[in-house]
>>> print(open('work_8.txt').read())   # compact mmCIF, C-alpha atoms
# COMPACT_ATOMS: atom_id res chain seq x y z
CA MET A 1 13.37 16.87 -30.94
CA ALA A 2 12.69 15.88 -27.33
CA SER A 3 11.56 18.57 -24.92
CA PRO A 4 13.81 19.51 -21.95
CA GLN A 5 11.46 17.58 -19.65
CA GLU A 6 11.75 14.44 -21.79
CA GLN A 7 15.54 14.77 -22.01
CA ASP A 8 15.75 15.20 -18.24
CA ILE A 9 13.70 12.14 -17.34
CA ARG A 10 15.44 9.95 -19.91
CA THR A 11 18.70 10.42 -18.01
CA TYR A 12 17.32 8.12 -15.29
CA PHE A 13 16.18 5.34 -17.62
CA HIS A 14 19.58 3.61 -17.43
CA ASP A 15 19.19 3.19 -13.65
CA VAL A 16 15.63 1.88 -14.06
CA VAL A 17 16.63 -0.66 -16.73
CA ASP A 18 19.65 -1.90 -14.76
CA ASN A 19 17.74 -2.46 -11.54
CA ALA A 20 14.08 -3.08 -12.46
CA LYS A 21 14.19 -4.75 -15.86
CA HIS A 22 12.87 -8.09 -14.58
CA ASP A 23 9.70 -6.33 -13.39
CA TRP A 24 9.26 -4.34 -16.60
CA GLU A 25 5.75 -5.66 -17.25
CA ASP A 26 4.49 -4.64 -13.79
CA LEU A 27 6.13 -1.25 -14.31
CA ALA A 28 4.41 -0.88 -17.68
CA TYR A 29 0.98 -1.48 -16.20
CA ARG A 30 1.62 1.04 -13.43
CA LEU A 31 2.64 3.60 -16.06
CA ASP A 32 -0.72 2.97 -17.78
CA ILE A 33 0.83 1.49 -20.93
CA PRO A 34 -2.03 -0.21 -22.86
CA THR A 35 -2.00 -4.00 -22.70
CA PRO A 36 -1.73 -4.47 -26.53
CA ASP A 37 1.44 -2.35 -26.53
CA ILE A 38 2.91 -4.39 -23.67
CA ARG A 39 2.21 -7.64 -25.51
CA ALA A 40 3.62 -6.22 -28.77
CA THR A 41 6.83 -5.17 -26.96
CA ASP A 42 7.19 -8.64 -25.46
CA ARG A 43 6.80 -10.27 -28.89
CA THR A 44 9.10 -7.84 -30.69
CA ARG A 45 11.89 -8.12 -28.13
CA ARG A 46 11.32 -11.87 -27.62
CA GLY A 47 11.03 -11.40 -23.87
CA ASP A 48 14.42 -9.69 -23.46
CA PRO A 49 13.84 -7.78 -20.18
CA THR A 50 16.49 -5.14 -20.87
CA GLN A 51 15.10 -4.20 -24.26
CA CYS A 52 11.47 -4.50 -23.12
CA CYS A 53 12.05 -2.22 -20.13
CA ARG A 54 13.80 0.41 -22.24
CA ASP A 55 11.09 0.27 -24.90
CA ILE A 56 8.18 0.76 -22.50
CA LEU A 57 9.93 3.70 -20.84
CA ASN A 58 10.44 5.38 -24.20
CA LEU A 59 6.86 4.53 -25.18
CA TRP A 60 5.59 6.08 -21.94
CA VAL A 61 7.41 9.34 -22.63
CA GLY A 62 6.19 9.33 -26.23
CA MET A 63 2.58 8.83 -25.13
CA HIS A 64 2.47 11.40 -22.33
CA GLY A 65 5.12 13.98 -23.23
CA ARG A 66 5.34 16.53 -20.44
CA GLY A 67 2.89 14.45 -18.44
CA ALA A 68 5.59 11.78 -18.06
CA THR A 69 7.03 13.25 -14.89
CA LEU A 70 9.71 11.97 -12.56
CA ASP A 71 7.24 11.75 -9.68
CA ILE A 72 4.98 9.42 -11.69
CA LEU A 73 7.95 7.23 -12.59
CA LYS A 74 9.10 7.03 -8.95
CA ASP A 75 5.55 6.25 -7.86
CA ALA A 76 5.36 3.36 -10.34
CA LEU A 77 8.72 2.05 -9.16
CA VAL A 78 7.57 2.09 -5.52
CA GLY A 79 4.49 0.13 -6.57
CA CYS A 80 6.82 -2.47 -8.12
CA LYS A 81 8.73 -2.70 -4.82
CA HIS A 82 11.76 -0.94 -6.29
CA GLN A 83 12.38 1.68 -3.67
CA ASP A 84 16.07 0.96 -4.32
CA VAL A 85 15.79 2.54 -7.77
CA VAL A 86 13.85 5.49 -6.33
CA ASP A 87 16.65 6.02 -3.82
CA ILE A 88 19.20 6.07 -6.65
CA ILE A 89 17.14 8.61 -8.60
CA GLU A 90 16.48 10.79 -5.56
CA GLY A 91 20.16 10.73 -4.71
CA LYS A 92 20.99 12.11 -8.13
CA THR A 93 18.19 14.69 -8.16
CA THR A 94 19.13 15.90 -4.68
CA SER A 95 22.77 16.37 -5.58
CA THR A 96 22.18 18.04 -8.95
CA HIS A 97 18.81 19.80 -8.99
CA LEU A 98 18.26 20.79 -5.39
CA THR A 99 21.79 21.88 -4.55
CA GLY A 100 22.91 22.97 -8.00
CA GLY A 101 25.71 20.38 -7.97
CA LYS A 102 27.09 21.63 -4.65
CA ARG A 103 27.37 19.50 -1.54
CA PRO A 104 24.82 20.52 1.11
CA GLN A 105 26.23 22.30 4.11
CA LYS A 106 26.75 20.10 7.16
CA ASP A 107 27.10 22.47 10.05
CA GLY A 108 24.30 24.57 11.46
CA LEU A 109 21.59 23.32 9.11
CA HIS A 110 20.45 20.22 10.90
CA ALA A 111 19.38 19.62 14.46
CA SER A 112 18.54 15.90 14.68
CA GLU A 113 19.05 12.61 12.85
CA THR A 114 17.24 9.33 12.28
CA THR A 115 18.07 6.14 10.41
CA ASP A 116 17.07 5.66 6.78
CA LEU A 117 15.96 2.03 6.94
CA ARG A 118 15.62 1.74 3.18
CA ARG A 119 19.35 2.32 2.72
CA VAL A 120 19.99 -0.35 5.33
CA PHE A 121 17.67 -2.68 3.41
CA LEU A 122 19.70 -2.18 0.22
CA LEU A 123 22.82 -3.33 2.03
CA VAL A 124 21.06 -6.26 3.71
CA LYS A 125 19.50 -7.63 0.52
CA GLU A 126 22.89 -7.71 -1.22
CA LYS A 127 24.57 -9.46 1.72
CA LEU A 128 21.91 -12.07 2.45
CA GLY A 129 21.18 -13.58 -0.94
CA VAL A 130 19.31 -16.86 -0.58
CA ARG A 131 19.69 -16.71 3.22
CA TRP A 132 17.03 -14.00 3.48
CA LYS A 133 14.42 -16.55 4.57
CA ASP A 134 16.23 -17.14 7.88
CA VAL A 135 15.96 -13.42 8.65
CA ALA A 136 12.30 -13.39 7.60
CA ARG A 137 11.56 -16.13 10.13
CA ALA A 138 13.46 -14.20 12.80
CA LEU A 139 11.22 -11.21 12.00
CA ASP A 140 8.14 -13.40 12.71
CA PHE A 141 7.07 -13.95 9.10
CA GLU A 142 5.20 -17.22 8.69
CA GLU A 143 6.08 -19.79 6.05
CA ALA A 144 3.03 -18.88 3.97
CA ASP A 145 4.19 -15.25 3.80
CA ILE A 146 7.72 -16.33 2.83
CA ASP A 147 6.30 -18.52 0.06
CA VAL A 148 4.43 -15.51 -1.34
CA PHE A 149 7.62 -13.43 -1.54
CA THR A 150 9.44 -16.35 -3.20
CA TYR A 151 6.65 -16.81 -5.75
CA LYS A 152 6.54 -13.11 -6.64
CA HIS A 153 10.30 -12.71 -7.24
CA ARG A 154 12.75 -14.84 -9.15
CA ASP A 155 15.70 -12.88 -7.75
CA PRO A 156 16.21 -13.62 -4.01
CA ARG A 157 17.49 -10.07 -3.51
CA ASN A 158 14.16 -8.64 -4.70
CA ALA A 159 12.29 -11.11 -2.50
CA CYS A 160 14.40 -9.97 0.46
CA MET A 161 13.71 -6.29 -0.29
CA ASP A 162 9.98 -6.96 -0.58
CA MET A 163 10.01 -8.80 2.76
CA LEU A 164 11.89 -5.99 4.50
CA GLU A 165 9.55 -3.33 3.09
CA GLU A 166 6.54 -5.36 4.23
CA TRP A 167 8.08 -5.62 7.70
CA ARG A 168 8.66 -1.86 7.81
CA GLN A 169 5.04 -1.19 6.82
CA ARG A 170 3.84 -3.04 9.90
CA GLY A 171 4.91 0.02 11.90
CA ARG A 172 5.20 -1.99 15.11
CA GLY A 173 8.74 -2.11 16.36
CA ALA A 174 10.26 -1.95 12.87
CA THR A 175 13.54 -0.46 14.11
CA LEU A 176 17.18 -0.88 13.20
CA GLU A 177 17.88 -2.60 16.54
CA VAL A 178 15.16 -5.19 15.93
CA LEU A 179 16.57 -5.86 12.45
CA LYS A 180 20.08 -6.34 13.85
CA GLU A 181 18.73 -8.76 16.45
CA ALA A 182 17.00 -10.75 13.70
CA LEU A 183 20.22 -10.89 11.69
CA GLU A 184 22.08 -12.11 14.78
CA THR A 185 19.41 -14.78 15.38
CA ALA A 186 19.85 -15.91 11.77
CA GLY A 187 23.58 -16.26 12.35
CA ARG A 188 24.58 -13.30 10.18
CA MET A 189 26.76 -11.26 12.49
CA ASP A 190 28.83 -10.33 9.44
CA VAL A 191 25.90 -8.28 8.14
CA VAL A 192 25.35 -6.72 11.57
CA ASP A 193 29.03 -5.70 11.68
CA THR A 194 28.73 -4.13 8.21
CA ILE A 195 25.67 -2.15 9.30
CA ILE A 196 27.47 -0.91 12.40
CA GLU A 197 30.47 0.05 10.29
CA HIS A 198 28.33 2.19 7.96
CA GLU A 199 25.74 3.32 10.51
CA GLU A 200 26.66 7.00 10.27
CA GLU A 201 26.08 6.91 6.51
CA PHE A 202 22.49 5.77 7.10
CA LYS A 203 21.52 8.85 9.08
CA ILE A 204 18.83 11.21 7.77
CA LYS A 205 19.40 14.76 8.92
CA ARG A 206 16.25 16.75 9.72
CA PRO A 207 16.16 20.51 9.11
CA ARG A 208 16.26 22.53 12.32
CA GLY A 209 12.76 23.15 13.60
CA SER A 210 11.23 20.00 12.13
CA LEU A 211 9.69 17.57 14.57
CA PRO A 212 10.09 13.81 14.65
CA GLY A 213 7.16 12.29 12.81
CA SER A 214 6.41 15.48 10.85
CA ARG A 215 5.42 15.17 7.20
CA SER A 216 8.84 16.33 6.03
CA THR A 217 10.54 13.25 7.51
CA GLN A 218 8.14 10.89 5.69
CA LEU A 219 8.34 8.39 8.55
CA PRO A 220 5.30 6.53 9.94
CA LEU A 221 3.82 7.98 13.11
CA ALA A 222 3.93 5.78 16.19
CA ARG A 223 0.57 4.55 17.40
CA ASN A 224 -0.89 2.32 20.06
CA PRO A 225 -0.27 -1.27 18.86
CA GLU A 226 -3.66 -2.29 20.28
CA GLN A 227 -5.42 0.34 18.17
CA LYS A 228 -6.79 -0.94 14.88
CA ARG A 229 -5.96 0.96 11.71
CA VAL A 230 -8.59 1.24 8.97
CA PHE A 231 -8.47 2.66 5.45
CA ILE A 232 -11.65 3.50 3.52
CA SER A 233 -11.54 2.82 -0.23
CA TYR A 234 -14.32 4.56 -2.16
CA THR A 235 -15.22 6.49 -5.30
CA VAL A 236 -16.42 10.06 -4.88
CA ASP A 237 -19.11 9.38 -7.47
CA PRO A 238 -21.04 6.26 -6.48
CA TYR A 239 -23.07 5.81 -9.67
CA THR A 240 -22.59 5.22 -13.40
CA ASP A 241 -25.94 6.48 -14.74
CA PRO A 242 -25.11 8.53 -17.87
CA ASN A 243 -28.55 10.16 -17.91
CA ARG A 244 -27.97 12.19 -14.74
CA THR A 245 -27.80 15.92 -14.94
CA SER A 246 -24.60 17.62 -13.78
CA ARG A 247 -26.50 18.92 -10.75
CA GLN A 248 -27.58 15.39 -9.80
CA ARG A 249 -24.04 14.12 -10.18
CA ASP A 250 -22.66 16.91 -7.99
CA SER A 251 -25.30 16.09 -5.37
CA HIS A 252 -24.35 12.40 -5.40
CA ILE A 253 -20.66 13.25 -5.02
CA ALA A 254 -21.32 15.64 -2.12
CA LEU A 255 -23.45 13.04 -0.32
CA GLN A 256 -20.86 10.29 -0.85
CA ARG A 257 -18.04 12.42 0.56
CA GLU A 258 -20.21 13.42 3.51
CA ARG A 259 -21.11 9.81 4.28
CA VAL A 260 -17.50 8.61 4.05
CA ARG A 261 -16.36 11.43 6.32
CA ALA A 262 -19.15 10.69 8.83
CA LEU A 263 -18.28 6.96 8.91
CA SER A 264 -14.58 7.67 9.39
CA ASP A 265 -15.25 10.26 12.10
CA ALA A 266 -17.55 7.84 13.93
CA LEU A 267 -14.89 5.12 13.90
CA ARG A 268 -12.20 7.51 15.10
CA ASN A 269 -14.45 8.74 17.90
CA SER A 270 -14.83 5.10 18.96
CA GLY A 271 -11.08 4.43 19.18
CA VAL A 272 -10.31 3.24 15.63
CA ASP A 273 -7.46 4.88 13.72
CA CYS A 274 -9.41 5.41 10.49
CA VAL A 275 -7.75 7.13 7.51
CA ILE A 276 -9.35 8.72 4.44
CA ASP A 277 -8.04 10.98 1.71
CA GLN A 278 -10.22 13.86 2.92
CA TYR A 279 -8.10 14.19 6.06
CA VAL A 280 -4.97 15.03 4.08
CA GLU A 281 -6.46 17.07 1.23
CA GLN A 282 -5.47 20.37 2.85
CA SER A 283 -1.84 19.24 3.04
CA PRO A 284 -1.63 16.58 0.32
CA PRO A 285 1.24 14.11 -0.07
CA ASN A 286 3.69 14.67 -2.91
CA ILE A 287 2.63 11.41 -4.57
CA TRP A 288 -0.94 10.28 -3.95
CA THR A 289 -0.45 6.74 -5.21
CA ARG A 290 2.50 6.18 -2.88
CA TRP A 291 0.41 7.44 0.05
CA THR A 292 -2.46 5.19 -1.01
CA GLU A 293 -0.31 2.07 -1.28
CA ASP A 294 1.30 2.74 2.11
CA GLU A 295 -2.12 3.12 3.76
CA LEU A 296 -3.48 -0.05 2.14
CA HIS A 297 -0.49 -2.03 3.39
CA MET A 298 -0.56 -0.58 6.93
CA ALA A 299 -4.31 -1.00 7.42
CA ASP A 300 -5.61 -3.82 9.59
CA TYR A 301 -8.89 -3.54 7.68
CA VAL A 302 -9.88 -1.89 4.39
CA LEU A 303 -13.51 -0.83 4.07
CA MET A 304 -14.63 -1.03 0.45
CA ILE A 305 -17.64 1.25 -0.07
CA CYS A 306 -19.37 -0.83 -2.74
CA THR A 307 -21.30 0.97 -5.49
CA SER A 308 -21.73 0.40 -9.22
CA ASN A 309 -18.98 2.89 -10.05
CA TYR A 310 -16.63 1.54 -7.38
CA LEU A 311 -16.97 -1.98 -8.82
CA GLN A 312 -15.97 -0.83 -12.30
CA CYS A 313 -13.01 1.18 -11.01
CA VAL A 314 -11.54 -1.26 -8.50
CA THR A 315 -11.76 -4.18 -10.95
CA GLY A 316 -10.12 -2.15 -13.75
CA LYS A 317 -13.18 -2.15 -16.01
CA LYS A 318 -13.48 1.64 -16.01
CA ASP A 319 -12.45 3.41 -19.19
CA GLU A 320 -8.68 3.75 -18.84
CA GLU A 321 -8.87 7.21 -20.42
CA ALA A 322 -11.01 8.47 -17.54
CA THR A 323 -8.92 10.25 -14.92
CA SER A 324 -11.54 11.18 -12.32
CA GLU A 325 -11.32 7.79 -10.60
CA TYR A 326 -7.68 6.96 -11.30
CA LYS A 327 -6.95 6.72 -7.57
CA VAL A 328 -9.47 3.89 -7.09
CA ARG A 329 -8.25 2.03 -10.18
CA PHE A 330 -4.78 2.13 -8.63
CA GLU A 331 -6.20 0.96 -5.29
CA GLY A 332 -7.70 -1.99 -7.12
CA LYS A 333 -4.28 -3.02 -8.43
CA VAL A 334 -2.81 -2.87 -4.92
CA ILE A 335 -5.75 -4.76 -3.40
CA TYR A 336 -5.57 -7.59 -5.93
CA ALA A 337 -1.78 -7.80 -5.50
CA GLN A 338 -2.25 -8.25 -1.75
CA LEU A 339 -4.66 -11.11 -2.37
CA ALA A 340 -1.66 -13.25 -3.37
CA ASN A 341 -1.42 -13.79 0.37
CA PRO A 342 -4.50 -15.86 1.38
CA LYS A 343 -4.51 -14.24 4.83
CA ALA A 344 -5.06 -10.82 3.26
CA HIS A 345 -8.59 -11.70 2.13
CA GLU A 346 -9.92 -11.18 5.64
CA LYS A 347 -8.81 -7.53 5.84
CA PHE A 348 -11.14 -6.34 3.05
CA LEU A 349 -14.72 -5.67 4.20
CA PRO A 350 -17.51 -4.82 1.70
CA VAL A 351 -19.62 -1.95 3.12
CA PHE A 352 -22.85 -0.39 1.80
CA PHE A 353 -24.36 2.98 2.60
CA ASP A 354 -27.58 2.07 0.79
CA GLU A 355 -29.31 -1.28 0.48
CA ILE A 356 -26.95 -4.21 -0.06
CA ASN A 357 -26.53 -5.18 -3.71
CA ARG A 358 -24.38 -8.25 -4.27
CA ASP A 359 -23.86 -7.26 -7.92
CA ASP A 360 -21.77 -4.26 -6.75
CA VAL A 361 -19.25 -6.45 -4.90
CA PRO A 362 -16.07 -7.68 -6.67
CA THR A 363 -16.38 -11.39 -7.43
CA VAL A 364 -13.44 -12.34 -5.23
CA PHE A 365 -15.27 -10.94 -2.17
CA GLN A 366 -18.77 -12.25 -2.95
CA ALA A 367 -18.46 -14.93 -0.26
CA ALA A 368 -17.56 -12.35 2.41
CA HIS A 369 -19.99 -10.86 4.92
CA PHE A 370 -21.51 -7.56 3.75
CA TYR A 371 -21.92 -4.66 6.18
CA GLY A 372 -24.78 -2.21 5.80
CA PRO A 373 -26.77 -0.27 5.10
CA ILE A 374 -24.90 2.34 7.16
CA GLU A 375 -26.94 5.40 8.03
CA LYS A 376 -25.93 8.88 6.90
CA SER A 377 -24.94 9.68 10.49
CA PRO A 378 -23.47 6.44 11.89
CA ARG A 379 -23.36 6.13 15.66
CA TYR A 380 -22.87 3.54 18.35
CA GLY A 381 -26.20 1.84 18.93
CA GLN A 382 -27.06 1.60 15.24
CA GLY A 383 -27.15 -2.12 14.53
CA THR A 384 -25.34 -2.16 11.18
CA PHE A 385 -22.62 0.24 12.35
CA ASP A 386 -22.12 -1.74 15.57
CA GLN A 387 -21.65 -4.95 13.60
CA LEU A 388 -18.90 -3.33 11.54
CA PHE A 389 -17.33 -1.74 14.61
CA TYR A 390 -17.27 -5.04 16.56
CA LYS A 391 -15.57 -6.75 13.61
CA ILE A 392 -12.84 -4.11 13.46
CA VAL A 393 -12.03 -3.97 17.18
CA GLY A 394 -12.44 -7.73 17.67
CA SER A 395 -14.77 -7.46 20.68
CA ALA A 396 -18.41 -6.91 21.56
CA PRO A 397 -20.55 -6.12 24.64
CA LYS A 398 -21.08 -9.00 27.02
CA GLU A 399 -24.81 -9.06 26.33
CA LYS A 400 -24.10 -9.64 22.64
CA LEU A 401 -22.03 -12.76 23.31
CA PRO A 402 -23.49 -16.27 23.65
CA PRO A 403 -24.00 -17.55 27.21
CA PRO A 404 -21.44 -20.02 28.54
CA VAL A 405 -22.06 -23.72 27.94
CA GLY A 406 -23.53 -25.22 31.10
CA ASN A 407 -23.71 -28.76 32.44
CA ILE A 408 -26.14 -31.38 31.21
CA PRO A 409 -29.15 -31.45 33.61
CA PRO A 410 -29.07 -34.39 36.07
CA GLY A 411 -31.48 -37.29 35.82
CA LEU A 412 -31.00 -37.89 32.09
CA VAL A 413 -30.12 -41.36 30.87
CA PRO A 414 -28.20 -42.22 27.70
CA VAL A 415 -30.27 -43.14 24.67
CA PRO A 416 -29.02 -46.26 22.88
CA ARG A 417 -27.67 -45.38 19.45
CA ARG A 418 -29.49 -47.17 16.66
CA THR A 419 -27.43 -48.78 13.95
>>> encode(input="work_8.txt", output="structure tokens")
Amino acid sequence: MASPQEQDIRTYFHDVVDNAKHDWEDLAYRLDIPTPDIRATDRTRRGDPTQCCRDILNLWVGMHGRGATLDILKDALVGCKHQDVVDIIEGKTTSTHLTGGKRPQKDGLHASETTDLRRVFLLVKEKLGVRWKDVARALDFEEADIDVFTYKHRDPRNACMDMLEEWRQRGRGATLEVLKEALETAGRMDVVDTIIEHEEEFKIKRPRGSLPGSRSTQLPLARNPEQKRVFISYTVDPYTDPNRTSRQRDSHIALQRERVRALSDALRNSGVDCVIDQYVEQSPPNIWTRWTEDELHMADYVLMICTSNYLQCVTGKKDEEATSEYKVRFEGKVIYAQLANPKAHEKFLPVFFDEINRDDVPTVFQAAHFYGPIEKSPRYGQGTFDQLFYKIVGSAPKEKLPPPVGNIPPGLVPVPRRT
């Protein structure tokens, strides 16, 4: 007999199957279903997405029992670009679990409102259909980016949703007014009129006392558009040597965390908006993988701290049963998904704290420039740190730049070209 937890989570499977069945395989991988089981499901159900999706959800619950939580399912759905399904689930959980089936009080509980762009996106994707590309161009997406969305999704509505979510993650002027202007430019005033008609329904009410941009609103903080944003991807344990003592391993972990924190602090002190997990550990996000994916998408550059253990984790070669480095294995999936866009390759920078070892760099980045070794206490004036810093900010001191090209000295005569 299924436990209460299993019975509870199964009530949402119908919504998942109806809306995310065509991405069932991606969902299965994000739920850590073993590859042989995914292939067996595909063969048994002869590729029927409805049956395959339902089977892998039931298999997931059977494998993990109470560990198959609603938060993990929502996190996997977000990774598959199905925030629409998450919104459906959260709408049901809010109305039944949080309020006991009662409608939340309207008066006196809320002080301010903001627009829930994701709900707007759900409306837009249904209205646009195959015309979503015109809006993408109006939102300054290039043709190469549009081709990536088309390649990833057979359903134009899913491609539209993916495009809108990517636009929102840019965090630079991603507002409802800008979206309406883009729709108007694309000749879809009918969609603009529908948004205006339902605009009050898209409001998020904030509890009294909460501040715009606070964690409870789950909205991106505004930042200087000229300021570069950096995310550091790393494993807390840099090595894979099985012969280490527990004391040696603890020492390696402590040093790695210290070095990552020092590098991030140095970049922030120099005007770079650098983000690491250590900054939010005291007030952690509800879903770490969702936070990680958001940061990887919003970052202008991702610093990959290359070590032997990091290579195994980010490329998915680490034992799937190991949980200590699950976060980095998930980061690897997001990183490789972003590489579908050729322009994304340039945002990932291999960095070394110790001597550079090409064997510790993922194959896809072996042709990139390697940065390091970075000292334990990085600072401006240290050659290897400066090189990384100049790359991130896109500028360098005048004395580091080549001199201007002058004129050819007078008095020279042309030399006949020999044939």
>>> closest_residue(input="work_8.txt", among="A:Thr69, A:Thr363, A:Thr50, A:Gln387", to="Asp8 in chain A", atoms="all atoms listed in the file")
A:Thr69
>>> closest_residue(input="work_8.txt", among="A:Ala76, A:Val148, A:Val61, A:Ile253", to="Gln338 in chain A", atoms="only C-alpha atoms")
A:Val148
>>> residues_near_point(input="work_8.txt", point="(12.0, -16.0, 10.8)", cutoff="12 Å", atoms="only C-alpha atoms", output="PyMOL selection string")
chain A and resi 131-146+163-164+167+179+181-187
>>> atom_distance(input="work_8.txt", atom1="CA of Asp241 in chain A", atom2="CA of Val280 in chain A")
29.4 Å
>>> closest_residue(input="work_8.txt", among="A:Lys127, A:His369, A:Arg30, A:Arg66", to="Thr194 in chain A", atoms="only C-alpha atoms")
A:Lys127
>>> residues_around(input="work_8.txt", residues="Phe385 in chain A", least_positions_apart="5", cutoff="9 Å", atoms="all atoms listed in the file", output="PyMOL selection string")
chain A and resi 263+371-375+378-380+390
>>> residues_around(input="work_8.txt", residues="range 11-28 of chain A", least_positions_apart="6", cutoff="12 Å", atoms="all atoms listed in the file", output="compact mmCIF listing (two decimals) with C-alpha atoms, in the frame of the given file")
# COMPACT_ATOMS: atom_id res chain seq x y z
CA PRO A 4 13.81 19.51 -21.95
CA GLN A 5 11.46 17.58 -19.65
CA PRO A 34 -2.03 -0.21 -22.86
CA THR A 35 -2.00 -4.00 -22.70
CA PRO A 36 -1.73 -4.47 -26.53
CA ASP A 37 1.44 -2.35 -26.53
CA ILE A 38 2.91 -4.39 -23.67
CA ARG A 39 2.21 -7.64 -25.51
CA ALA A 40 3.62 -6.22 -28.77
CA THR A 41 6.83 -5.17 -26.96
CA ASP A 42 7.19 -8.64 -25.46
CA GLY A 47 11.03 -11.40 -23.87
CA ASP A 48 14.42 -9.69 -23.46
CA PRO A 49 13.84 -7.78 -20.18
CA THR A 50 16.49 -5.14 -20.87
CA GLN A 51 15.10 -4.20 -24.26
CA CYS A 52 11.47 -4.50 -23.12
CA CYS A 53 12.05 -2.22 -20.13
CA ARG A 54 13.80 0.41 -22.24
CA ASP A 55 11.09 0.27 -24.90
CA ILE A 56 8.18 0.76 -22.50
CA LEU A 57 9.93 3.70 -20.84
CA ASN A 58 10.44 5.38 -24.20
CA LEU A 59 6.86 4.53 -25.18
CA TRP A 60 5.59 6.08 -21.94
CA VAL A 61 7.41 9.34 -22.63
CA THR A 69 7.03 13.25 -14.89
CA LEU A 70 9.71 11.97 -12.56
CA ILE A 72 4.98 9.42 -11.69
CA LEU A 73 7.95 7.23 -12.59
CA LYS A 74 9.10 7.03 -8.95
CA ASP A 75 5.55 6.25 -7.86
CA ALA A 76 5.36 3.36 -10.34
CA LEU A 77 8.72 2.05 -9.16
CA VAL A 78 7.57 2.09 -5.52
CA GLY A 79 4.49 0.13 -6.57
CA CYS A 80 6.82 -2.47 -8.12
CA LYS A 81 8.73 -2.70 -4.82
CA HIS A 82 11.76 -0.94 -6.29
CA GLN A 83 12.38 1.68 -3.67
CA ASP A 84 16.07 0.96 -4.32
CA VAL A 85 15.79 2.54 -7.77
CA VAL A 86 13.85 5.49 -6.33
CA ASP A 87 16.65 6.02 -3.82
CA ILE A 88 19.20 6.07 -6.65
CA ILE A 89 17.14 8.61 -8.60
CA GLU A 90 16.48 10.79 -5.56
CA GLY A 91 20.16 10.73 -4.71
CA LYS A 92 20.99 12.11 -8.13
CA THR A 93 18.19 14.69 -8.16
CA LEU A 122 19.70 -2.18 0.22
CA LYS A 152 6.54 -13.11 -6.64
CA HIS A 153 10.30 -12.71 -7.24
CA ARG A 154 12.75 -14.84 -9.15
CA ASP A 155 15.70 -12.88 -7.75
CA ARG A 157 17.49 -10.07 -3.51
CA ASN A 158 14.16 -8.64 -4.70
CA LYS A 333 -4.28 -3.02 -8.43
CA VAL A 334 -2.81 -2.87 -4.92
CA ALA A 337 -1.78 -7.80 -5.50
>>> residues_near_point(input="work_8.txt", point="(-9.1, -4.5, -2.5)", cutoff="8 Å", atoms="only C-alpha atoms", output="VMD selection string")
chain A and resid 302 304 314 331 to 336 338 to 339 348
>>> atom_distance(input="work_8.txt", atom1="CA of Val351 in chain A", atom2="CA of Ile232 in chain A")
9.7 Å
>>> atom_distance(input="work_8.txt", atom1="CA of Phe352 in chain A", atom2="CA of Thr307 in chain A")
7.6 Å
>>> closest_residue(input="work_8.txt", among="A:Asp300, A:Thr289, A:Lys343, A:Phe389", to="Gly271 in chain A", atoms="only C-alpha atoms")
A:Phe389
>>> axis_aligned_box(input="work_8.txt", around="range 196-199 of chain A", padding_each_side="4 Å", output="AutoDock Vina command-line options")
--center_x 28.1 --center_y 1.2 --center_z 10.2 --size_x 12.7 --size_y 12.2 --size_z 12.4
>>> residues_around(input="work_8.txt", residues="Arg268 in chain A", least_positions_apart="3", cutoff="12 Å", atoms="all atoms listed in the file", output="list of chain:residue names")
A:Gln227, A:Lys228, A:Arg229, A:Val230, A:Phe231, A:Arg261, A:Ala262, A:Leu263, A:Ser264, A:Asp265, A:Gly271, A:Val272, A:Asp273, A:Cys274, A:Val275, A:Ile276, A:Tyr279, A:Pro378, A:Arg379, A:Tyr380, A:Phe389, A:Ile392, A:Val393
>>> residues_around(input="work_8.txt", residues="Glu126 in chain A", least_positions_apart="2", cutoff="10 Å", atoms="only C-alpha atoms", output="JSON, numbers by chain")
{"A": [121, 122, 123, 124, 128, 129, 130, 132, 156, 157, 158, 160, 161, 191]}
>>> write_last_selection(input="work_8.txt", atoms="C-alpha atoms", output="PDB file, in the coordinates of the input")
ATOM      1  CA  PHE A 121      17.670  -2.680   3.410  1.00  0.00           C
ATOM      2  CA  LEU A 122      19.700  -2.180   0.220  1.00  0.00           C
ATOM      3  CA  LEU A 123      22.820  -3.330   2.030  1.00  0.00           C
ATOM      4  CA  VAL A 124      21.060  -6.260   3.710  1.00  0.00           C
ATOM      5  CA  LEU A 128      21.910 -12.070   2.450  1.00  0.00           C
ATOM      6  CA  GLY A 129      21.180 -13.580  -0.940  1.00  0.00           C
ATOM      7  CA  VAL A 130      19.310 -16.860  -0.580  1.00  0.00           C
ATOM      8  CA  TRP A 132      17.030 -14.000   3.480  1.00  0.00           C
ATOM      9  CA  PRO A 156      16.210 -13.620  -4.010  1.00  0.00           C
ATOM     10  CA  ARG A 157      17.490 -10.070  -3.510  1.00  0.00           C
ATOM     11  CA  ASN A 158      14.160  -8.640  -4.700  1.00  0.00           C
ATOM     12  CA  CYS A 160      14.400  -9.970   0.460  1.00  0.00           C
ATOM     13  CA  MET A 161      13.710  -6.290  -0.290  1.00  0.00           C
ATOM     14  CA  VAL A 191      25.900  -8.280   8.140  1.00  0.00           C
TER      15      VAL A 191
END
>>> closest_residue(input="work_8.txt", among="A:Thr150, A:Ser246, A:Asn286, A:Ser308", to="Asp71 in chain A", atoms="only C-alpha atoms")
A:Asn286
>>> closest_residue(input="work_8.txt", among="A:Asp237, A:Glu281, A:Asp190, A:Asp294", to="Glu166 in chain A", atoms="all atoms listed in the file")
A:Asp294
